[in-house]
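The structure file query.txt is reproduced below (compact mmCIF, C-alpha atoms).
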```txt
# COMPACT_ATOMS: atom_id res chain seq x y z
CA MET K 1 0.00 0.00 0.00
CA LEU K 2 2.83 2.41 0.84
CA ARG K 3 4.47 1.90 -2.55
CA ILE K 4 1.16 2.48 -4.35
CA PHE K 5 0.64 5.72 -2.36
CA ARG K 6 4.12 7.03 -3.30
CA TRP K 7 3.53 6.24 -6.96
CA VAL K 8 0.22 8.11 -6.95
CA CYS K 9 1.91 11.17 -5.33
CA ILE K 10 4.64 11.23 -7.96
CA CYS K 11 2.10 11.03 -10.77
CA CYS K 12 0.15 13.90 -9.27
CA LEU K 13 3.26 16.07 -9.02
CA LEU K 14 4.16 15.35 -12.65
CA LEU K 15 0.68 16.28 -13.76
CA VAL K 16 0.82 19.55 -11.78
CA GLY K 17 4.28 20.39 -13.18
CA ASN K 18 3.17 19.78 -16.77
CA SER K 19 0.08 21.88 -16.20
CA TRP K 20 2.18 24.78 -14.77
CA ALA K 21 4.66 24.57 -17.65
CA ASN K 22 1.88 24.54 -20.26
CA SER K 23 0.37 27.62 -18.66
CA GLY K 24 3.60 29.63 -19.23
CA GLY K 25 5.17 29.28 -15.77
CA GLN K 26 8.66 28.61 -17.27
CA MET K 27 8.88 32.06 -18.89
CA THR K 28 11.61 34.25 -17.34
CA PRO K 29 10.18 37.49 -15.98
CA VAL K 30 12.09 40.56 -17.27
CA THR K 31 11.80 44.30 -17.53
CA THR K 32 12.15 45.99 -20.90
CA VAL K 33 12.79 49.43 -22.32
CA LEU K 34 12.72 50.97 -25.76
CA VAL K 35 16.02 51.99 -27.35
CA THR K 36 16.38 55.75 -26.98
CA ARG K 37 17.96 58.31 -29.27
CA ASP K 38 19.95 61.29 -28.02
CA THR K 39 23.03 63.42 -28.66
CA ILE K 40 26.12 61.67 -27.34
CA VAL K 41 29.17 63.67 -26.26
CA VAL K 42 32.42 61.70 -26.37
CA THR K 43 34.77 62.87 -23.62
CA GLU K 44 38.10 61.93 -22.10
CA GLU K 45 39.04 62.63 -18.49
CA ALA K 46 42.49 63.12 -16.97
CA MET K 47 43.88 63.95 -13.54
CA GLY K 48 46.74 66.41 -13.62
CA TRP K 49 48.43 69.02 -11.46
CA ILE K 50 48.67 72.76 -11.01
CA GLU K 51 51.91 74.70 -11.52
CA ALA K 52 52.73 78.37 -11.06
CA LYS K 53 53.26 80.02 -14.43
CA VAL K 54 55.44 82.66 -12.75
CA ASN K 55 57.90 80.96 -10.38
CA PRO K 56 61.01 83.17 -10.18
CA LYS K 57 64.28 82.15 -8.57
CA ILE K 58 65.81 85.38 -7.30
CA ALA K 59 69.61 85.57 -7.46
CA SER K 60 72.15 88.17 -6.38
CA GLU K 61 73.33 90.60 -9.08
CA VAL K 62 76.25 91.97 -7.07
CA ALA K 63 79.05 90.65 -4.89
CA GLY K 64 79.04 91.36 -1.17
CA ARG K 65 78.10 90.18 2.28
CA VAL K 66 74.45 89.84 3.28
CA GLU K 67 73.67 92.49 5.87
CA LYS K 68 69.91 92.16 6.36
CA VAL K 69 67.23 89.58 5.53
CA TYR K 70 63.68 90.92 5.69
CA VAL K 71 61.60 87.87 4.69
CA ASP K 72 61.57 84.16 5.42
CA THR K 73 60.12 80.95 4.00
CA GLY K 74 56.32 80.93 3.85
CA GLU K 75 55.87 84.70 4.04
CA ILE K 76 53.72 86.53 1.50
CA VAL K 77 55.25 89.59 -0.17
CA LYS K 78 53.98 92.26 -2.54
CA THR K 79 55.68 93.49 -5.69
CA GLY K 80 58.53 95.83 -4.71
CA SER K 81 58.69 94.69 -1.07
CA PRO K 82 62.26 94.67 0.38
CA MET K 83 63.66 91.18 0.79
CA LEU K 84 67.40 91.45 1.45
CA GLU K 85 70.30 93.91 1.71
CA VAL K 86 73.85 93.27 0.45
CA ASN K 87 76.74 95.36 1.79
CA SER K 88 77.23 98.29 -0.61
CA GLU K 89 80.58 99.62 0.65
CA GLN K 90 82.50 98.45 -2.42
CA GLN K 91 80.03 100.08 -4.80
CA GLU K 92 80.06 103.33 -2.78
CA LEU K 93 83.85 103.54 -2.97
CA GLU K 94 83.75 102.80 -6.69
CA LYS K 95 81.16 105.54 -7.17
CA LYS K 96 83.35 108.11 -5.42
CA GLY K 97 86.32 107.14 -7.59
CA LEU K 98 84.30 107.39 -10.79
CA ARG K 99 82.88 110.79 -9.87
CA ALA K 100 86.36 112.07 -9.13
CA ASP K 101 87.57 110.72 -12.48
CA ILE K 102 84.66 112.42 -14.25
CA SER K 103 85.45 115.76 -12.56
CA ARG K 104 89.11 115.44 -13.58
CA LEU K 105 88.23 114.68 -17.19
CA GLU K 106 85.72 117.53 -17.35
CA ALA K 107 88.46 119.95 -16.16
CA LEU K 108 90.96 118.56 -18.69
CA ILE K 109 88.44 118.86 -21.48
CA LYS K 110 87.65 122.47 -20.53
CA ASN K 111 91.33 123.34 -20.58
CA GLN K 112 91.99 121.40 -23.79
CA ARG K 113 89.08 123.11 -25.52
CA ARG K 114 90.67 126.52 -24.79
CA THR K 115 93.97 125.21 -26.12
CA VAL K 116 92.36 124.06 -29.37
CA GLU K 117 90.63 127.44 -29.79
CA ARG K 118 93.97 129.27 -29.25
CA TYR K 119 95.76 126.95 -31.67
CA GLN K 120 93.06 127.54 -34.24
CA SER K 121 93.65 131.30 -33.99
CA LEU K 122 97.42 130.84 -34.27
CA LEU K 123 96.98 128.48 -37.23
CA ALA K 124 95.01 131.15 -39.05
CA LYS K 125 98.00 133.48 -38.56
CA LYS K 126 100.32 130.63 -39.59
CA SER K 127 102.12 130.91 -36.27
CA ILE K 128 101.92 127.11 -35.64
CA SER K 129 101.95 124.07 -37.84
CA GLN K 130 98.88 122.16 -38.91
CA GLU K 131 100.27 119.06 -37.19
CA ARG K 132 100.39 120.76 -33.80
CA PHE K 133 96.80 121.91 -34.15
CA ASP K 134 95.67 118.42 -35.21
CA ASN K 135 97.41 116.81 -32.21
CA ALA K 136 95.65 119.21 -29.83
CA ASN K 137 92.30 118.47 -31.47
CA VAL K 138 92.86 114.68 -31.27
CA LYS K 139 93.70 115.01 -27.57
CA LEU K 140 90.42 116.87 -27.01
CA ILE K 141 88.47 114.11 -28.78
CA THR K 142 90.27 111.45 -26.72
CA LEU K 143 89.41 113.21 -23.46
CA LYS K 144 85.75 113.42 -24.48
CA GLU K 145 85.67 109.68 -25.20
CA GLN K 146 87.28 108.96 -21.82
CA LEU K 147 84.62 111.12 -20.15
CA ALA K 148 81.84 109.20 -21.94
CA GLY K 149 83.38 105.92 -20.77
CA ALA K 150 83.64 107.15 -17.17
CA ARG K 151 80.01 108.28 -17.20
CA SER K 152 78.96 104.88 -18.57
CA ARG K 153 80.88 103.12 -15.78
CA LEU K 154 79.22 105.41 -13.23
CA ALA K 155 75.78 104.52 -14.60
CA ASP K 156 76.65 100.83 -14.30
CA ASN K 157 77.91 101.43 -10.77
CA GLN K 158 74.65 103.14 -9.82
CA ARG K 159 72.71 100.23 -11.29
CA ARG K 160 74.74 97.72 -9.24
CA LEU K 161 74.44 99.91 -6.17
CA ALA K 162 70.64 99.80 -6.52
CA LYS K 163 70.85 96.00 -6.80
CA THR K 164 72.34 95.73 -3.32
CA SER K 165 68.74 96.20 -2.14
CA VAL K 166 66.84 93.11 -3.32
CA VAL K 167 63.09 93.62 -3.77
CA ALA K 168 60.31 91.25 -4.80
CA PRO K 169 59.88 91.28 -8.61
CA VAL K 170 56.32 89.94 -8.28
CA GLY K 171 53.78 89.37 -5.56
CA GLY K 172 53.64 85.87 -4.04
CA TRP K 173 55.04 83.84 -1.20
CA ILE K 174 58.56 82.69 -0.38
CA GLU K 175 58.92 79.00 -1.18
CA LYS K 176 62.60 78.76 -0.13
CA ARG K 177 65.32 80.99 1.34
CA PHE K 178 68.89 80.00 0.40
CA VAL K 179 71.03 82.53 2.33
CA SER K 180 71.32 84.02 5.83
CA LYS K 181 72.76 87.18 7.30
CA GLY K 182 76.57 87.13 7.04
CA ASP K 183 76.76 84.95 3.92
CA PHE K 184 78.99 86.21 1.10
CA VAL K 185 77.23 86.19 -2.24
CA ARG K 186 78.40 86.69 -5.80
CA PRO K 187 76.47 87.53 -8.97
CA GLY K 188 74.24 84.54 -9.70
CA THR K 189 74.09 83.22 -6.12
CA PRO K 190 70.47 82.01 -5.45
CA LEU K 191 68.74 84.00 -2.72
CA PHE K 192 65.04 83.06 -2.77
CA LEU K 193 62.58 80.89 -4.65
CA MET K 194 59.18 82.54 -5.04
CA VAL K 195 55.81 81.10 -6.00
CA THR K 196 52.90 83.11 -7.35
CA ASP K 197 49.34 81.85 -7.68
CA HIS K 198 47.86 84.57 -9.87
CA LEU K 199 48.71 82.93 -13.18
CA LEU K 200 48.56 79.13 -13.29
CA ARG K 201 49.78 76.41 -15.63
CA ILE K 202 47.55 73.31 -15.72
CA VAL K 203 49.16 70.05 -16.89
CA LEU K 204 46.82 67.21 -17.91
CA PRO K 205 48.29 63.84 -19.03
CA PHE K 206 46.10 62.07 -21.61
CA PRO K 207 46.66 58.54 -22.98
CA GLU K 208 48.44 58.12 -26.30
CA SER K 209 45.30 56.59 -27.80
CA VAL K 210 43.56 59.97 -27.94
CA ALA K 211 46.59 61.99 -29.09
CA SER K 212 45.29 62.42 -32.64
CA ARG K 213 41.97 63.75 -31.32
CA LEU K 214 43.46 66.51 -29.19
CA ALA K 215 44.09 69.98 -30.60
CA VAL K 216 45.00 73.47 -29.43
CA GLY K 217 41.82 75.44 -28.77
CA GLN K 218 39.67 72.51 -27.63
CA LYS K 219 37.41 73.28 -24.68
CA VAL K 220 38.26 71.69 -21.32
CA LYS K 221 36.21 71.61 -18.12
CA LEU K 222 38.35 71.80 -14.98
CA THR K 223 37.53 70.94 -11.38
CA SER K 224 39.74 70.90 -8.30
CA PRO K 225 39.42 69.34 -4.83
CA LEU K 226 40.17 72.85 -3.55
CA SER K 227 36.78 74.01 -4.90
CA HIS K 228 34.60 70.94 -5.49
CA GLU K 229 31.48 72.71 -6.72
CA ARG K 230 33.19 75.08 -9.14
CA VAL K 231 33.68 74.11 -12.79
CA ILE K 232 36.07 76.28 -14.81
CA GLU K 233 35.86 76.25 -18.61
CA ALA K 234 39.19 76.77 -20.36
CA GLU K 235 40.87 75.71 -23.59
CA ILE K 236 44.02 73.87 -24.56
CA ASN K 237 46.90 76.33 -25.09
CA GLN K 238 49.71 73.91 -25.81
CA ILE K 239 50.34 70.21 -26.44
CA ARG K 240 53.82 69.01 -25.62
CA PRO K 241 55.33 67.39 -28.73
CA ALA K 242 56.83 64.35 -27.00
CA VAL K 243 55.15 61.62 -24.98
CA ASN K 244 56.29 61.52 -21.34
CA ILE K 245 58.77 58.65 -21.16
CA GLN K 246 57.76 57.67 -17.61
CA SER K 247 53.96 57.87 -17.80
CA ARG K 248 53.64 57.24 -21.58
CA ALA K 249 51.10 60.07 -21.62
CA LEU K 250 50.70 63.12 -23.82
CA GLU K 251 50.70 66.26 -21.68
CA VAL K 252 48.29 69.07 -22.44
CA ILE K 253 49.02 72.58 -21.11
CA ILE K 254 46.38 75.14 -20.11
CA TYR K 255 47.12 78.68 -18.88
CA LEU K 256 44.57 80.60 -16.85
CA GLU K 257 44.14 83.09 -14.05
CA ASN K 258 43.59 81.61 -10.62
CA PRO K 259 39.84 81.44 -9.94
CA GLY K 260 40.60 82.19 -6.31
CA GLU K 261 41.09 78.97 -4.38
CA TRP K 262 43.57 76.95 -6.45
CA ARG K 263 47.17 76.49 -5.34
CA PRO K 264 50.31 75.41 -7.23
CA GLY K 265 51.06 71.76 -6.50
CA GLY K 266 47.39 70.80 -6.18
CA THR K 267 45.61 68.18 -8.27
CA ILE K 268 43.18 69.03 -11.04
CA ASN K 269 40.61 67.05 -13.03
CA GLY K 270 40.06 67.88 -16.68
CA THR K 271 37.41 66.70 -19.14
CA VAL K 272 37.90 67.38 -22.85
CA THR K 273 35.22 66.89 -25.50
CA LEU K 274 36.63 64.71 -28.29
CA ASP K 275 33.54 64.14 -30.45
CA ARG K 276 29.79 64.61 -30.68
CA HIS K 277 27.33 62.05 -32.08
CA ASP K 278 23.89 63.36 -32.99
CA ASP K 279 20.93 60.96 -32.87
CA GLY K 280 22.91 58.20 -31.17
CA LEU K 281 21.34 54.96 -29.86
CA LEU K 282 21.33 54.39 -26.11
CA VAL K 283 20.34 51.46 -23.90
CA PRO K 284 20.76 50.88 -20.13
CA VAL K 285 24.21 49.62 -19.18
CA GLN K 286 22.74 46.46 -17.57
CA SER K 287 21.14 45.53 -20.90
CA VAL K 288 24.55 44.77 -22.36
CA VAL K 289 25.92 41.37 -21.29
CA ARG K 290 28.92 39.32 -22.32
CA ARG K 291 28.52 36.04 -24.12
CA PRO K 292 30.97 33.81 -26.07
CA ALA K 293 29.95 35.75 -29.19
CA GLY K 294 30.93 39.05 -27.53
CA LYS K 295 28.75 41.84 -26.19
CA VAL K 296 25.04 41.26 -26.77
CA VAL K 297 21.64 42.68 -25.87
CA TYR K 298 18.40 40.72 -25.87
CA GLN K 299 15.57 42.11 -27.94
CA PHE K 300 12.12 41.38 -26.55
CA LYS K 301 9.90 40.22 -29.40
CA ASP K 302 6.73 38.12 -29.25
CA GLY K 303 7.61 36.61 -25.85
CA LYS K 304 11.11 35.63 -26.99
CA ALA K 305 14.57 36.97 -26.13
CA ILE K 306 16.39 37.50 -29.43
CA GLN K 307 20.15 37.80 -29.01
CA ARG K 308 21.67 40.78 -30.87
CA LYS K 309 25.42 41.17 -31.03
CA VAL K 310 26.38 44.84 -30.56
CA VAL K 311 29.34 47.19 -30.56
CA THR K 312 29.28 49.69 -27.70
CA GLY K 313 30.65 53.21 -27.45
CA GLN K 314 30.56 56.01 -24.91
CA CYS K 315 28.79 55.77 -21.56
CA GLN K 316 26.44 58.56 -20.52
CA GLY K 317 25.44 58.10 -16.92
CA ASN K 318 23.62 54.74 -16.65
CA LEU K 319 23.21 54.51 -20.43
CA ILE K 320 25.64 53.21 -23.03
CA GLU K 321 25.92 54.03 -26.71
CA ILE K 322 25.27 51.30 -29.29
CA LEU K 323 27.39 51.87 -32.38
CA SER K 324 26.09 48.87 -34.34
CA GLY K 325 23.78 45.89 -33.92
CA LEU K 326 20.46 47.71 -33.37
CA ALA K 327 18.20 49.66 -35.68
CA GLY K 328 16.81 51.93 -32.98
CA ASP K 329 13.17 50.78 -32.82
CA GLU K 330 13.73 47.68 -30.66
CA LYS K 331 12.55 46.89 -27.16
CA VAL K 332 15.41 45.40 -25.16
CA VAL K 333 15.58 43.46 -21.91
CA VAL K 334 16.99 45.27 -18.86
CA ASP K 335 16.53 43.33 -15.60
CA GLY K 336 17.14 39.63 -16.16
CA ALA K 337 19.28 40.01 -19.28
CA GLY K 338 22.21 38.26 -17.60
CA PHE K 339 20.17 35.03 -17.17
CA LEU K 340 18.95 34.71 -20.78
CA THR K 341 19.99 32.73 -23.81
CA ASP K 342 19.06 33.26 -27.43
CA GLY K 343 15.42 32.32 -28.04
CA ALA K 344 14.50 31.99 -24.36
CA ASP K 345 10.84 32.42 -23.42
CA VAL K 346 10.36 35.65 -21.49
CA ARG K 347 7.51 37.69 -20.15
CA GLU K 348 7.40 41.34 -19.10
CA LYS K 349 6.93 42.10 -15.48
CA PRO K 350 3.75 44.05 -14.86
```

Step by step, read the file and then write its structure as structure tokens.
Amino acid sequence: MLRIFRWVCICCLLLVGNSWANSGGQMTPVTTVLVTRDTIVVTEEAMGWIEAKVNPKIASEVAGRVEKVYVDTGEIVKTGSPMLEVNSEQQELEKKGLRADISRLEALIKNQRRTVERYQSLLAKKSISQERFDNANVKLITLKEQLAGARSRLADNQRRLAKTSVVAPVGGWIEKRFVSKGDFVRPGTPLFLMVTDHLLRIVLPFPESVASRLAVGQKVKLTSPLSHERVIEAEINQIRPAVNIQSRALEVIIYLENPGEWRPGGTINGTVTLDRHDDGLLVPVQSVVRRPAGKVVYQFKDGKAIQRKVVTGQCQGNLIEILSGLAGDEKVVVDGAGFLTDGADVREKP
């Protein structure tokens, strides 16, 4: 009796299963959406860094001992602010000597001019030779040239004397100080390294694959962690001709005025528009699944899932561009696409 009862139960279960299958219970429930058309903007993003366009290294232009240092590392200075004083004793002594030399030459020239005028009068009376007059005139010309040279040396001395007081060539802050009071410096000795943040240089490294699609003048949208909500629109000013040997990236240069919060050394995100596709086809990202044949989507048609091999393009949010494989009037499966095979029975969720 027990065996007969088990056999009857099994038969009943088979009958129920066949009945459920015949009523469509094996159909996979899915959600669907129509393929949409929209303008697709092809972009490329890069993370770069900010540099100061003006970053002067200030060096001494005269020789001497440092007497005073007015600024230190980290301080902010304005254009023309005093920074350092070099001992000017040598230049002062040189100036006195040159002025004395100029006074001497001016007196000699005055006296020689009277001599030439007297010789000219005597030459007219034929009381002296032409050679004697010419020698006096040549001496006067020589003295005038010596005076011009002395005045030129005095002007150079005054220039160097002014350079003993070092002032800030631009406004900014002191990045480094290389000397201290008492140090002896010569022309060319580094004194300070300054950084300015008014004019900035943005460097964005892009992959080699997009090199041919980048050009000077292309628009770039920039954002920085220093000002999350602010988007700055700029354009490419320069593309470095060589690929960076370490990063294998092509570096794009952008110059712009500081929007207010950015600092040299900070990171920057840039997005450049490479292309624009009008009337492009878009489907949800989850509609595209990988199969042995490649990337596919499943078209919903008459209760069947029809596999369509596709080529994808740019992502736009949660949508992805379909470059080929769809005509644009299809209804495709979204939720459940990953569980389907070609020709599977499907039904739309209410």

Contacts of segment 334-345 of chain K within 9 Å, only C-alpha atoms, excl. fewer than 3 positions in-chain, as a PyMOL selection string:
chain K and resi 24+26-33+283-290+297-298+303-308

Near Gln90 of chain K, counting all atoms listed in the file, which residues have an atom at most 12 Å away, once you skip same-chain residues fewer than 3 positions from it, shown as a ChimeraX atom specification?
/K:62-65,86-87,93-97,157-158,160-161,164

Choose the residue, out of K:Val310, K:Phe192, K:Ala52, K:Leu140, that has the smallest atom-to-atom separation from Arg114 of chain K; count all atoms listed in the file.
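For Arg114 of chain K, the nearest of the candidates is K:Leu140.
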
Write out as a PyMOL selection string which residues come within 9 Å of Asn269 of chain K when counting only C-alpha atoms, dropping same-chain ones fewer than 2 positions away.
chain K and resi 45-49+204+221-225+267+271

Dump of C-alpha atoms for the selected residues, as a tab-separated table (two decimals), in the coordinates of the input:
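Generated output (result_32.tsv):
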```tsv
chain	number	residue	atom	x	y	z
K	45	GLU	CA	39.04	62.63	-18.49
K	46	ALA	CA	42.49	63.12	-16.97
K	47	MET	CA	43.88	63.95	-13.54
K	48	GLY	CA	46.74	66.41	-13.62
K	49	TRP	CA	48.43	69.02	-11.46
K	204	LEU	CA	46.82	67.21	-17.91
K	221	LYS	CA	36.21	71.61	-18.12
K	222	LEU	CA	38.35	71.80	-14.98
K	223	THR	CA	37.53	70.94	-11.38
K	224	SER	CA	39.74	70.90	-8.30
K	225	PRO	CA	39.42	69.34	-4.83
K	267	THR	CA	45.61	68.18	-8.27
K	271	THR	CA	37.41	66.70	-19.14
```

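Rounded to one decimal, atom CA of Gln218 of chain K and atom CA of Ile268 of chain K lie 17.3 Å from each other.
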
Could N, CA and C atoms be built for segment 99-125 of chain K and written out as a compact mmCIF listing (two decimals), in the frame of the given file?
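Resulting contents of result.txt:
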```txt
# COMPACT_ATOMS: atom_id res chain seq x y z
N ARG K 99 83.26 109.38 -9.85
CA ARG K 99 82.88 110.79 -9.87
C ARG K 99 84.10 111.70 -9.88
N ALA K 100 85.11 111.29 -9.12
CA ALA K 100 86.36 112.07 -9.13
C ALA K 100 87.01 112.03 -10.51
N ASP K 101 87.00 110.87 -11.14
CA ASP K 101 87.57 110.72 -12.48
C ASP K 101 86.80 111.57 -13.48
N ILE K 102 85.48 111.61 -13.35
CA ILE K 102 84.66 112.42 -14.25
C ILE K 102 84.98 113.91 -14.08
N SER K 103 85.12 114.35 -12.83
CA SER K 103 85.45 115.76 -12.56
C SER K 103 86.81 116.13 -13.16
N ARG K 104 87.77 115.20 -13.02
CA ARG K 104 89.11 115.44 -13.58
C ARG K 104 89.05 115.55 -15.10
N LEU K 105 88.32 114.66 -15.73
CA LEU K 105 88.23 114.68 -17.19
C LEU K 105 87.48 115.92 -17.68
N GLU K 106 86.45 116.31 -16.95
CA GLU K 106 85.72 117.53 -17.35
C GLU K 106 86.65 118.75 -17.29
N ALA K 107 87.51 118.82 -16.26
CA ALA K 107 88.46 119.95 -16.16
C ALA K 107 89.48 119.90 -17.29
N LEU K 108 90.00 118.70 -17.59
CA LEU K 108 90.96 118.56 -18.69
C LEU K 108 90.35 118.94 -20.02
N ILE K 109 89.11 118.53 -20.23
CA ILE K 109 88.44 118.86 -21.48
C ILE K 109 88.24 120.37 -21.61
N LYS K 110 87.86 121.01 -20.51
CA LYS K 110 87.65 122.47 -20.53
C LYS K 110 88.94 123.18 -20.90
N ASN K 111 90.04 122.73 -20.30
CA ASN K 111 91.33 123.34 -20.58
C ASN K 111 91.79 123.05 -22.00
N GLN K 112 91.56 121.77 -22.45
CA GLN K 112 91.99 121.40 -23.79
C GLN K 112 91.16 122.10 -24.85
N ARG K 113 89.92 122.38 -24.57
CA ARG K 113 89.08 123.11 -25.52
C ARG K 113 89.63 124.52 -25.74
N ARG K 114 90.08 125.18 -24.64
CA ARG K 114 90.67 126.52 -24.79
C ARG K 114 91.96 126.45 -25.59
N THR K 115 92.72 125.36 -25.38
CA THR K 115 93.97 125.21 -26.12
C THR K 115 93.69 125.06 -27.61
N VAL K 116 92.71 124.27 -27.96
CA VAL K 116 92.36 124.06 -29.37
C VAL K 116 91.90 125.38 -30.00
N GLU K 117 91.11 126.15 -29.26
CA GLU K 117 90.63 127.44 -29.79
C GLU K 117 91.81 128.40 -30.02
N ARG K 118 92.78 128.40 -29.09
CA ARG K 118 93.97 129.27 -29.25
C ARG K 118 94.81 128.83 -30.42
N TYR K 119 94.97 127.47 -30.55
CA TYR K 119 95.76 126.95 -31.67
C TYR K 119 95.10 127.25 -33.00
N GLN K 120 93.78 127.24 -33.01
CA GLN K 120 93.06 127.54 -34.24
C GLN K 120 93.32 128.97 -34.67
N SER K 121 93.36 129.89 -33.69
CA SER K 121 93.65 131.30 -33.99
C SER K 121 95.08 131.47 -34.50
N LEU K 122 96.02 130.76 -33.85
CA LEU K 122 97.42 130.84 -34.27
C LEU K 122 97.63 130.21 -35.65
N LEU K 123 96.86 129.12 -35.92
CA LEU K 123 96.98 128.48 -37.23
C LEU K 123 96.52 129.40 -38.34
N ALA K 124 95.50 130.19 -38.05
CA ALA K 124 95.01 131.15 -39.05
C ALA K 124 96.07 132.19 -39.36
N LYS K 125 96.91 132.50 -38.35
CA LYS K 125 98.00 133.48 -38.56
C LYS K 125 99.28 132.79 -39.04
```
